[in-house]
Structures are given as C-alpha cells and as structure tokens.
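J.: Dropping in protein_12.pdb, with PDB, C-alpha atoms and all ligand atoms.
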```pdb
ATOM      1  CA  MET A  22       0.000   0.000   0.000
ATOM      2  CA  LYS A  23       1.511   3.374  -1.072
ATOM      3  CA  ASP A  24       1.191   5.950   1.669
ATOM      4  CA  SER A  25       4.128   8.338   1.334
ATOM      5  CA  MET A  26       1.927  11.444   1.655
ATOM      6  CA  GLU A  27       0.749  10.491   5.122
ATOM      7  CA  ASP A  28       2.146  10.579   8.622
ATOM      8  CA  ILE A  29       1.592   7.162  10.118
ATOM      9  CA  ILE A  30       1.878   5.568  13.509
ATOM     10  CA  LEU A  31       1.372   1.823  13.654
ATOM     11  CA  CYS A  32       1.083  -0.054  16.981
ATOM     12  CA  HIS A  33       0.877  -3.695  17.997
ATOM     13  CA  GLY A  34      -0.256  -5.348  21.220
ATOM     14  CA  GLY A  35       1.699  -8.596  20.861
ATOM     15  CA  VAL A  36       1.369 -11.805  18.889
ATOM     16  CA  GLY A  37      -0.381 -14.886  20.208
ATOM     17  CA  SER A  38      -3.124 -13.645  22.478
ATOM     18  CA  LYS A  39      -6.508 -15.238  22.322
ATOM     19  CA  GLU A  40      -8.215 -12.018  23.396
ATOM     20  CA  ARG A  41      -6.866  -9.947  20.534
ATOM     21  CA  PRO A  42      -7.354  -8.036  18.323
ATOM     22  CA  LEU A  43      -8.285  -5.228  20.669
ATOM     23  CA  ASP A  44     -10.822  -2.826  19.277
ATOM     24  CA  ASP A  45      -9.173   0.237  20.771
ATOM     25  CA  MET A  46      -5.673   0.028  19.278
ATOM     26  CA  LYS A  47      -6.580   2.775  16.808
ATOM     27  CA  GLY A  48      -7.401   5.110  19.704
ATOM     28  CA  ILE A  49      -3.982   4.404  21.216
ATOM     29  CA  ALA A  50      -2.193   5.344  17.991
ATOM     30  CA  GLU A  51      -4.294   8.471  17.593
ATOM     31  CA  LYS A  52      -3.679   9.621  21.168
ATOM     32  CA  ALA A  53       0.054   8.994  20.762
ATOM     33  CA  TYR A  54       0.445  11.044  17.584
ATOM     34  CA  SER A  55       2.805  14.017  17.657
ATOM     35  CA  LYS A  56       4.836  15.797  14.965
ATOM     36  CA  ASN A  57       7.974  14.217  16.474
ATOM     37  CA  PRO A  58       8.298  10.534  15.416
ATOM     38  CA  LEU A  59      10.167   9.473  18.567
ATOM     39  CA  ASP A  60       7.585  11.157  20.818
ATOM     40  CA  SER A  61       4.848   9.376  18.848
ATOM     41  CA  VAL A  62       6.207   5.849  19.333
ATOM     42  CA  VAL A  63       7.213   6.453  22.954
ATOM     43  CA  ASN A  64       3.767   7.922  23.740
ATOM     44  CA  ALA A  65       2.118   4.848  22.208
ATOM     45  CA  VAL A  66       4.276   2.443  24.192
ATOM     46  CA  VAL A  67       3.739   4.385  27.459
ATOM     47  CA  ILE A  68      -0.044   4.182  26.975
ATOM     48  CA  MET A  69       0.247   0.410  26.503
ATOM     49  CA  GLU A  70       2.742  -0.021  29.384
ATOM     50  CA  ASP A  71       0.192   1.690  31.660
ATOM     51  CA  ASP A  72      -2.638  -0.538  30.433
ATOM     52  CA  PRO A  73      -2.643  -3.713  32.612
ATOM     53  CA  ARG A  74      -3.954  -5.854  29.745
ATOM     54  CA  PHE A  75      -0.525  -5.789  28.106
ATOM     55  CA  ASN A  76       2.655  -7.647  29.018
ATOM     56  CA  ALA A  77       4.754  -4.470  29.319
ATOM     57  CA  GLY A  78       5.165  -2.105  32.278
ATOM     58  CA  THR A  79       2.107  -2.649  34.528
ATOM     59  CA  GLY A  80       0.905  -6.208  33.814
ATOM     60  CA  SER A  81       4.320  -7.618  32.831
ATOM     61  CA  VAL A  82       4.539 -11.364  33.354
ATOM     62  CA  ILE A  83       6.139 -12.751  36.493
ATOM     63  CA  ARG A  84       9.201 -14.944  36.005
ATOM     64  CA  ILE A  85       9.696 -18.432  37.443
ATOM     65  CA  ASP A  86      11.494 -16.997  40.518
ATOM     66  CA  GLY A  87       8.661 -14.536  41.232
ATOM     67  CA  SER A  88      10.393 -11.411  39.919
ATOM     68  CA  VAL A  89       9.308  -9.021  37.163
ATOM     69  CA  GLN A  90      12.153  -7.968  34.891
ATOM     70  CA  MET A  91      11.305  -5.829  31.878
ATOM     71  CA  ASP A  92      13.046  -5.032  28.596
ATOM     72  CA  ALA A  93      12.389  -1.974  26.408
ATOM     73  CA  ALA A  94      14.041  -0.180  23.511
ATOM     74  CA  VAL A  95      13.748   2.892  21.315
ATOM     75  CA  SER A  96      15.464   3.791  18.080
ATOM     76  CA  ILE A  97      15.716   6.531  15.472
ATOM     77  CA  PRO A  98      18.140   6.390  12.528
ATOM     78  CA  GLY A  99      21.695   6.078  13.881
ATOM     79  CA  LYS A 100      20.579   6.027  17.532
ATOM     80  CA  PHE A 101      19.486   3.302  19.903
ATOM     81  CA  GLY A 102      18.743   2.947  23.600
ATOM     82  CA  SER A 103      17.522   0.002  25.637
ATOM     83  CA  VAL A 104      17.153  -1.405  29.118
ATOM     84  CA  ILE A 105      17.493  -5.075  29.962
ATOM     85  CA  GLY A 106      15.881  -6.701  32.986
ATOM     86  CA  ILE A 107      14.860  -3.430  34.625
ATOM     87  CA  GLU A 108      12.789  -3.834  37.829
ATOM     88  CA  ASN A 109      10.327  -1.760  39.837
ATOM     89  CA  VAL A 110       9.858   1.130  37.422
ATOM     90  CA  LYS A 111       6.580   2.155  35.811
ATOM     91  CA  ASN A 112       7.710   2.913  32.255
ATOM     92  CA  PRO A 113      10.795   1.030  31.022
ATOM     93  CA  VAL A 114      10.484   2.664  27.579
ATOM     94  CA  LEU A 115      11.120   6.110  29.089
ATOM     95  CA  VAL A 116      14.313   4.850  30.721
ATOM     96  CA  ALA A 117      15.374   3.326  27.368
ATOM     97  CA  ARG A 118      14.882   6.747  25.789
ATOM     98  CA  ASP A 119      17.021   8.321  28.511
ATOM     99  CA  VAL A 120      19.766   5.742  27.850
ATOM    100  CA  MET A 121      19.736   6.843  24.203
ATOM    101  CA  GLU A 122      19.573  10.571  24.868
ATOM    102  CA  LYS A 123      21.525  11.044  28.100
ATOM    103  CA  THR A 124      24.344   8.472  28.091
ATOM    104  CA  PRO A 125      27.120   7.527  25.654
ATOM    105  CA  HIS A 126      25.826   3.917  25.807
ATOM    106  CA  ILE A 127      23.206   1.982  23.919
ATOM    107  CA  ILE A 128      22.148  -0.531  26.597
ATOM    108  CA  LEU A 129      21.953  -0.540  30.404
ATOM    109  CA  SER A 130      21.078  -3.763  32.185
ATOM    110  CA  GLY A 131      19.886  -5.021  35.568
ATOM    111  CA  SER A 132      20.919  -3.085  38.666
ATOM    112  CA  GLY A 133      22.774  -0.514  36.533
ATOM    113  CA  ALA A 134      19.574   0.281  34.644
ATOM    114  CA  VAL A 135      17.596   0.536  37.894
ATOM    115  CA  GLN A 136      20.232   2.775  39.489
ATOM    116  CA  PHE A 137      20.276   5.050  36.429
ATOM    117  CA  ALA A 138      16.484   5.305  36.532
ATOM    118  CA  ARG A 139      16.453   6.173  40.244
ATOM    119  CA  LYS A 140      19.109   8.885  39.762
ATOM    120  CA  LEU A 141      16.868  10.419  37.104
ATOM    121  CA  GLY A 142      13.935  10.404  39.517
ATOM    122  CA  TYR A 143      11.975   7.321  38.412
ATOM    123  CA  GLY A 144      10.221   6.163  41.605
ATOM    124  CA  GLU A 145       9.740   2.625  42.969
ATOM    125  CA  TYR A 146       6.779   0.983  41.265
ATOM    126  CA  ASP A 147       5.418  -2.558  41.478
ATOM    127  CA  PRO A 148       4.176  -3.659  38.028
ATOM    128  CA  LYS A 149       2.434  -6.831  39.337
ATOM    129  CA  THR A 150      -1.337  -7.058  38.974
ATOM    130  CA  GLU A 151      -3.940  -9.517  40.316
ATOM    131  CA  ARG A 152      -4.018 -11.148  36.877
ATOM    132  CA  THR A 153      -0.249 -11.668  36.669
ATOM    133  CA  ILE A 154      -0.100 -12.974  40.247
ATOM    134  CA  SER A 155      -2.790 -15.549  39.535
ATOM    135  CA  GLN A 156      -1.091 -16.579  36.231
ATOM    136  CA  TYR A 157       2.120 -16.994  38.189
ATOM    137  CA  SER A 158       0.572 -19.351  40.748
ATOM    138  CA  LYS A 159      -0.855 -21.492  37.944
ATOM    139  CA  MET A 160       2.531 -21.632  36.240
ATOM    140  CA  VAL A 161       4.324 -22.652  39.420
ATOM    141  CA  GLU A 162       1.822 -25.475  40.032
ATOM    142  CA  ALA A 163       2.178 -26.641  36.427
ATOM    143  CA  LEU A 164       5.963 -26.621  36.509
ATOM    144  CA  LYS A 165       5.978 -28.805  39.642
ATOM    145  CA  LYS A 166       4.320 -31.691  37.797
ATOM    146  CA  GLU A 167       6.508 -34.726  36.982
ATOM    147  CA  THR A 168       7.677 -35.187  33.400
ATOM    148  CA  THR A 169      10.595 -36.778  31.574
ATOM    149  CA  ASP A 170      10.602 -34.287  28.674
ATOM    150  CA  ASN A 171      13.287 -31.672  28.150
ATOM    151  CA  ARG A 172      12.656 -28.051  29.168
ATOM    152  CA  TYR A 173      11.268 -26.680  25.910
ATOM    153  CA  LYS A 174       9.076 -29.715  25.332
ATOM    154  CA  ILE A 175       7.696 -29.271  28.830
ATOM    155  CA  PHE A 176       6.780 -25.664  28.093
ATOM    156  CA  LYS A 177       5.161 -26.578  24.777
ATOM    157  CA  GLU A 178       3.114 -29.314  26.417
ATOM    158  CA  LEU A 179       1.967 -26.928  29.160
ATOM    159  CA  ILE A 180       0.967 -24.356  26.545
ATOM    160  CA  ARG A 181      -0.881 -26.986  24.476
ATOM    161  CA  ASN A 182      -2.847 -28.039  27.558
ATOM    162  CA  GLY A 183      -3.750 -24.435  28.328
ATOM    163  CA  ILE A 184      -1.867 -24.524  31.652
ATOM    164  CA  ILE A 185       0.432 -21.638  30.811
ATOM    165  CA  ASP A 186       0.139 -18.930  28.171
ATOM    166  CA  GLU A 187       2.189 -18.518  25.039
ATOM    167  CA  PRO A 188       4.216 -15.303  24.848
ATOM    168  CA  HIS A 189       1.895 -12.461  24.027
ATOM    169  CA  ASP A 190       0.797  -8.919  24.780
ATOM    170  CA  THR A 191       4.227  -7.335  24.329
ATOM    171  CA  VAL A 192       3.808  -3.860  22.826
ATOM    172  CA  GLY A 193       5.499  -1.939  20.039
ATOM    173  CA  ALA A 194       5.110   1.005  17.685
ATOM    174  CA  VAL A 195       6.703   2.354  14.516
ATOM    175  CA  ALA A 196       6.154   5.791  13.019
ATOM    176  CA  ARG A 197       6.890   7.834   9.927
ATOM    177  CA  ILE A 198       6.286  11.520  10.571
ATOM    178  CA  ASP A 199       7.279  14.045   7.899
ATOM    179  CA  GLY A 200       9.270  11.233   6.271
ATOM    180  CA  LYS A 201      11.286  10.530   9.451
ATOM    181  CA  PHE A 202      11.226   7.224  11.309
ATOM    182  CA  ALA A 203      11.186   5.988  14.910
ATOM    183  CA  ALA A 204      10.512   2.690  16.692
ATOM    184  CA  ALA A 205       9.817   1.626  20.273
ATOM    185  CA  VAL A 206       9.060  -1.679  22.005
ATOM    186  CA  SER A 207       8.517  -2.923  25.564
ATOM    187  CA  THR A 208       7.920  -6.308  27.215
ATOM    188  CA  GLY A 209       7.826  -8.306  30.416
ATOM    189  CA  GLY A 210       9.262 -11.199  28.342
ATOM    190  CA  ALA A 211       8.033 -14.571  27.067
ATOM    191  CA  SER A 212       6.648 -16.629  29.945
ATOM    192  CA  PRO A 213       7.763 -18.978  31.397
ATOM    193  CA  MET A 214      11.321 -17.774  31.779
ATOM    194  CA  MET A 215      14.196 -17.692  34.229
ATOM    195  CA  ARG A 216      15.380 -14.597  36.045
ATOM    196  CA  GLY A 217      18.015 -12.963  33.844
ATOM    197  CA  ARG A 218      16.587 -14.268  30.577
ATOM    198  CA  VAL A 219      16.869 -11.723  27.746
ATOM    199  CA  GLY A 220      14.779 -11.850  24.575
ATOM    200  CA  ASP A 221      14.810  -9.920  21.305
ATOM    201  CA  VAL A 222      13.354  -6.596  22.494
ATOM    202  CA  PRO A 223      16.471  -4.836  23.865
ATOM    203  CA  ILE A 224      18.874  -6.146  21.201
ATOM    204  CA  PRO A 225      19.464  -3.816  18.223
ATOM    205  CA  GLY A 226      18.461  -5.509  14.974
ATOM    206  CA  ALA A 227      16.664  -8.379  16.749
ATOM    207  CA  GLY A 228      13.306  -7.056  18.045
ATOM    208  CA  ILE A 229      13.753  -3.499  16.751
ATOM    209  CA  PHE A 230      15.538  -1.661  13.959
ATOM    210  CA  CYS A 231      15.188   1.861  12.623
ATOM    211  CA  GLY A 232      17.196   3.532   9.875
ATOM    212  CA  GLU A 233      16.853   5.990   6.988
ATOM    213  CA  LYS A 234      14.778   3.468   4.974
ATOM    214  CA  GLY A 235      12.217   2.646   7.665
ATOM    215  CA  ALA A 236      11.368   1.211  11.073
ATOM    216  CA  VAL A 237      10.595  -2.371  12.116
ATOM    217  CA  VAL A 238       9.595  -3.979  15.436
ATOM    218  CA  ALA A 239       8.846  -7.619  16.259
ATOM    219  CA  THR A 240       6.887  -9.681  18.777
ATOM    220  CA  GLY A 241       6.893 -13.416  19.541
ATOM    221  CA  ILE A 242       9.387 -15.921  20.897
ATOM    222  CA  GLY A 243      12.372 -13.684  21.555
ATOM    223  CA  GLU A 244      15.010 -16.413  21.366
ATOM    224  CA  GLU A 245      13.944 -17.354  17.821
ATOM    225  CA  ILE A 246      13.587 -13.715  16.705
ATOM    226  CA  ALA A 247      17.017 -12.776  18.070
ATOM    227  CA  LYS A 248      18.798 -15.762  16.488
ATOM    228  CA  ARG A 249      17.435 -14.595  13.135
ATOM    229  CA  VAL A 250      18.241 -10.875  13.791
ATOM    230  CA  LEU A 251      14.771 -10.495  12.329
ATOM    231  CA  CYS A 252      14.181  -6.727  12.288
ATOM    232  CA  HIS A 253      17.522  -5.948  10.691
ATOM    233  CA  ARG A 254      16.954  -8.670   8.059
ATOM    234  CA  ILE A 255      13.617  -7.096   7.198
ATOM    235  CA  TYR A 256      15.088  -3.583   7.191
ATOM    236  CA  GLU A 257      17.830  -4.646   4.762
ATOM    237  CA  ARG A 258      15.189  -6.011   2.396
ATOM    238  CA  ILE A 259      13.109  -2.790   2.314
ATOM    239  CA  ASN A 260      12.595  -1.589  -1.306
ATOM    240  CA  THR A 261      13.587  -4.967  -2.785
ATOM    241  CA  ASP A 262       9.950  -6.154  -2.893
ATOM    242  CA  LYS A 263       6.542  -5.091  -1.571
ATOM    243  CA  LEU A 264       6.839  -4.651   2.196
ATOM    244  CA  GLU A 265       3.962  -7.042   2.902
ATOM    245  CA  ASN A 266       5.650  -9.782   0.816
ATOM    246  CA  ILE A 267       8.902  -9.327   2.734
ATOM    247  CA  LEU A 268       7.108  -9.567   6.096
ATOM    248  CA  ARG A 269       5.125 -12.638   5.051
ATOM    249  CA  GLU A 270       8.245 -14.463   3.829
ATOM    250  CA  GLU A 271      10.250 -13.602   6.931
ATOM    251  CA  ILE A 272       7.481 -14.707   9.316
ATOM    252  CA  GLU A 273       6.778 -17.926   7.425
ATOM    253  CA  TYR A 274      10.327 -18.982   8.295
ATOM    254  CA  PHE A 275       9.282 -19.294  11.976
ATOM    255  CA  GLY A 276       6.926 -22.228  11.363
ATOM    256  CA  GLU A 277       5.042 -22.971  14.575
ATOM    257  CA  ASN A 278       7.132 -20.582  16.694
ATOM    258  CA  LEU A 279       5.039 -17.449  17.260
ATOM    259  CA  ALA A 280       6.307 -14.324  15.522
ATOM    260  CA  GLY A 281       4.857 -11.048  14.248
ATOM    261  CA  VAL A 282       6.197  -7.795  12.815
ATOM    262  CA  ILE A 283       5.049  -4.261  12.027
ATOM    263  CA  ALA A 284       7.007  -1.995   9.673
ATOM    264  CA  VAL A 285       6.949   1.321   7.842
ATOM    265  CA  SER A 286       9.078   2.471   4.920
ATOM    266  CA  HIS A 287       9.016   5.743   2.944
ATOM    267  CA  ASP A 288       5.920   4.785   1.014
ATOM    268  CA  GLU A 289       4.500   1.642   2.593
ATOM    269  CA  HIS A 290       3.433   0.156   5.884
ATOM    270  CA  ALA A 291       2.719  -3.496   6.668
ATOM    271  CA  PHE A 292       2.129  -5.968   9.477
ATOM    272  CA  PHE A 293       2.125  -9.756   9.510
ATOM    273  CA  SER A 294       2.058 -12.482  12.147
ATOM    274  CA  ASN A 295       1.541 -16.232  12.413
ATOM    275  CA  GLY A 296      -0.830 -15.831  15.414
ATOM    276  CA  SER A 297      -3.473 -13.271  16.292
ATOM    277  CA  MET A 298      -1.843  -9.860  16.767
ATOM    278  CA  GLY A 299      -3.721  -6.725  17.771
ATOM    279  CA  THR A 300      -2.504  -4.073  15.342
ATOM    280  CA  ASP A 301      -3.817  -0.720  14.309
ATOM    281  CA  MET A 302      -2.668   2.622  13.041
ATOM    282  CA  PHE A 303      -3.377   6.299  12.845
ATOM    283  CA  LYS A 304      -2.719   8.036   9.536
ATOM    284  CA  ILE A 305      -3.008  11.671   8.679
ATOM    285  CA  LYS A 306      -2.440  13.439   5.324
ATOM    286  CA  VAL A 307       0.515  15.864   5.270
TER     287      VAL A 307
HETATM  288  N1  LIG B   1       9.406 -10.921  22.122
HETATM  289  C1  LIG B   1       9.136 -10.899  23.533
HETATM  290  C2  LIG B   1      10.232 -11.635  24.258
HETATM  291  O1  LIG B   1      10.593 -12.714  23.853
HETATM  292  C3  LIG B   1       7.809 -11.502  23.881
HETATM  293  C4  LIG B   1       6.631 -11.121  23.005
HETATM  294  O2  LIG B   1       6.784 -10.491  21.976
HETATM  295  O3  LIG B   1       5.494 -11.487  23.373
HETATM  296  O4  LIG B   1      10.692 -11.170  25.282
END
```
Turn this file's structure into structure tokens for me.

T.:
Amino acid sequence: MKDSMEDIILCHGGVGSKERPLDDMKGIAEKAYSKNPLDSVVNAVVIMEDDPRFNAGTGSVIRIDGSVQMDAAVSIPGKFGSVIGIENVKNPVLVARDVMEKTPHIILSGSGAVQFARKLGYGEYDPKTERTISQYSKMVEALKKETTDNRYKIFKELIRNGIIDEPHDTVGAVARIDGKFAAAVSTGGASPMMRGRVGDVPIPGAGIFCGEKGAVVATGIGEEIAKRVLCHRIYERINTDKLENILREEIEYFGENLAGVIAVSHDEHAFFSNGSMGTDMFKIKV
C-alpha cells in the first residue's frame, strides 16, 4: 500500500493472544500522535505499558522466581537505547529513551539500569497485577508436575494443555512523521522464563531496527527472533519487494514458533504475524 503522503503511527499489542485483536488500538495510535516521530512511538508504548492488559510495564509477566524484569528499547536512525531486565519502574520505555539521549551507551542492564532510573527520579513501582499474580501461581503449580521431557518440550506441552500462556501482549510502535522514522518496544518477556533471561526486544536488529529506509519492530518468541536478527533482516530487504511480501516471507520462516512484525518504509506500511496480533494505526495526510 503506497502511503508516502501520510504521517503514520502503527502499533501492535503482541502476537499470540486469544483475546486480541483489541478494538481500541486505533485510539492508542491516535492519542500517541505528535509531529515528532520518537515522541509518537514512545507515547504509544507508554499508553500500553500503563494498560494492565498488556505484558509491558504494569501487567508484565512474572518470572519463574517470582520477579518481574522488563526489557524496552527505542530507536531513530543512527541512535538506539535500551534497558534489559529493569525492575520496579513504571515505564521502562522512558528509561530506554534516557539511555539513548543522556548516556554515551546503547544498553543498560539489571541493577545498573535501575540505578540510572532512580538517579533520574523514576520512583519505585510494582508492576504486578492480580491477573499476573494468579497466572504466576498457575505456572508454578504446572511446573511442579513430573515429566521426563526436556525443558522446551515441557513448556510446549503446558501451553498446548492451556496450563500456561504462550508469549503475548508485548507492545510496540513504529512511526513515519514528515518522512522521518522511529521505533519503540517494551515487554515483560516470554513466559515462562528464568530470572536474567533476555529476549529480542532490547537487542538492536533483533526485536527493533530503525534507519533511513524505515522502522521495524517484532513480537513473539524472543530467542527465535534474536537468532534470526529479524528486524535488521527485514530492514535490509526494504525496497527490494513489496513490504507485505517481505514480512510474510520472513514470518513464514518461523513455522510454529510465534512471531509477528510491524514496519513502515518511505511509502508503505505493513504488518504480519503467524498468530493473532492486535494491530492498528493512525494516519493523517501531510
Ligand atoms: N518478544 C518478547 C520476548 O521474547 C515476547 C513477546 O513479543 O510477546 O521477550
């Protein structure tokens, strides 16, 4: 679809949820819109981090050890900032933006990310909700059951039996405003997972990439997405084919592993996933 004469902000609410698509994603994109592309994607992700239905910020999934560790990233052409495993802050995406804008680094992790956030005035905040606490108890019970399978097979079996959820409800946004691009993404991770586990979201080129040709963010099983360096692969292919063909081909590679992507280029936008993925956009003629 050719849309070079429009500003566009495209959001997703994660691949793999049974409750999606949400009917109010369009409202989120519209509320987030600003003439600055980075503000637009960060606004969208903050709205979704504050919405307890999503697995990002408030409502992030609880890990096997009972902790909540969140990853988030932002990018504009030539710049990148992310936080890995940040704890007890309300909006990880805002800290990721501060890493990009206020430090010479691209990534801060764990206690260093928390310390940085506190120094900048981000207060203590508990992102657990009644829903995530009850999901956690179910997961712990399920993981206690006897089985001879290896770890990943165990998880798949638990998912198949509806005992634990597949990864879903991560959030992301891409924007093209006045021909300039930005991307942002935030997640509590892909449950079930160990403390310290890192997925695709905070890794440049894996779950997020933004350059002069466009912006791409991903959702799904972070280990698989990161091994493929999915968003950079897609970015490199921009303008070699229709964007929707590129996305379809790249996602088909994942087979039964959940994966989804949203992307914008100078004159196209597209989204594709191999599971349900709440996606919507706000476009305005310029
Ligand atoms: N990609 C995220 C992760 O693996 C999860 C998701 O997109 O649902 O951390």

J.: How would you write, as JSON, numbers by chain, the residues chosen by the PyMOL selection byres (((chain A and resi 86) around 7) and not hetatm) on this structure?

T.: {"A": [84, 85, 87, 88, 215, 216]}

J.: Counting all atoms listed in the file, what are the residues, protein, DNA or RNA alike, that approach ligand LIG 1 (chain B) to within 9 Å? I want them as a count of residues only.

T.: 40

J.: Identify, on the basis of only C-alpha atoms, every residue whose closest approach to Gly133 of chain A does not exceed 10 Å; exclude the query and any residue fewer than 6 positions from it along the same chain; express the result as a ChimeraX atom specification.

T.: /A:104-107,139

J.: Just to confirm, what's the straight-line distance from atom CA of Gly232 of chain A to atom CA of Ile128 of chain A in Å (one decimal)?

T.: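 Answer for the atom CA of Gly232 of chain A to atom CA of Ile128 of chain A separation: 17.9 Å.
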
J.: Leaving out Tyr256 of chain A and any residue of its chain fewer than 3 positions from it, which residues lie within 10 Å of it when counting all atoms listed in the file, given as JSON, numbers by chain?

T.: {"A": [226, 229, 230, 231, 232, 233, 234, 235, 236, 237, 238, 251, 252, 253, 259, 260, 264, 267, 284, 285, 286]}

J.: Applying 12 Å and all atoms listed in the file, which residues near Thr124 of chain A remain after dropping the ones on its own chain fewer than 3 positions away? List them as number ranges by chain.

T.: A: 100-103, 116-121, 127-129, 134, 137-138, 141

J.: Would you kindly return, as a list in words, each protein, DNA or RNA residue with an atom no farther than 7 Å from any atom of Thr153 of chain A, considering all atoms listed in the file and excluding same-chain residues fewer than 2 positions away?

T.: Gly80, Val82, Ile83, Lys149, Thr150, Glu151, Ser155, Gln156 and Tyr157 of chain A

J.: So how many Å separate atom CA of Ala194 of chain A and atom CA of Asn266 of chain A, to one decimal?

T.: 20.0 Å

J.: Between atom CA of Ser61 of chain A and atom CA of Arg249 of chain A, what distance in Å does the model show, to one decimal?

T.: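 Between atom CA of Ser61 of chain A and atom CA of Arg249 of chain A the gap is 27.7 Å.
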
J.: Using all atoms listed in the file, give me every residue within 12 Å of (4.8, 17.0, -2.3) in file coordinates, as a PyMOL selection string.

T.: chain A and resi 25-27+199-200+306-307

J.: Spell out the residues picked by the PyMOL selection byres (((chain A and resi 145) around 10) and not hetatm) here, as an NGL selection string.

T.: :A and (108-111 or 135 or 138-139 or 142-144 or 146-148)

J.: Please write out, as lines of an AutoDock Vina configuration file, where the centre of an axis-aligned box around all listed atoms of segment 214-220 of chain A lies and how long its edges are, in Å to one decimal, after adding 5 Å on each side.

T.:
```
center_x = 14.7
center_y = -14.7
center_z = 30.3
size_x = 16.7
size_y = 16.1
size_z = 21.5
```

J.: A:Gly99, A:Arg197, A:Glu265, A:Val161: which is nearest Phe292 of chain A, counting all atoms listed in the file?

T.: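 Of A:Gly99, A:Arg197, A:Glu265, A:Val161, the one nearest Phe292 of chain A is A:Glu265, counting all atoms listed in the file.
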
J.: List the spatial neighbours of Asp28 of chain A as an NGL selection string - criterion: any atom at most 6 Å away, all atoms listed in the file, same-chain residues fewer than 5 positions off excluded.

T.: :A and (197-198 or 304-305)

J.: Check the smallest atom-to-atom distance from each of A:Met46, A:Ile29, A:Ala204, A:Met214 to Asp72 of chain A using all atoms listed in the file, then report the winner.

T.: A:Met46

J.: Between A:Pro213, A:Gln136, A:Pro113, A:Val195, which residue has the minimum interatomic distance to Met160 of chain A, considering all atoms listed in the file?

T.: A:Pro213

J.: I need the residue nearest Lys248 of chain A from this list: A:Ala227, A:Ile68, A:Lys56, A:Val282. Use all atoms listed in the file for the distance.

T.: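 Ranking A:Ala227, A:Ile68, A:Lys56, A:Val282 by distance to Lys248 of chain A, first place goes to A:Ala227.
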
J.: Assuming the chain letters and numbering stay as they are in my file, what does the PyMOL selection byres (((chain A and resi 78) around 6) and not hetatm) actually select? List them as a PyMOL selection string.

T.: chain A and resi 70+77+79+81+111-112

J.: So, counting only C-alpha atoms, which residue among A:Asp24, A:Ser130, A:Ala196, A:Leu115 is closest to Asp301 of chain A?

T.: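 Between A:Asp24, A:Ser130, A:Ala196, A:Leu115, the residue approaching Asp301 of chain A most closely is A:Ala196.
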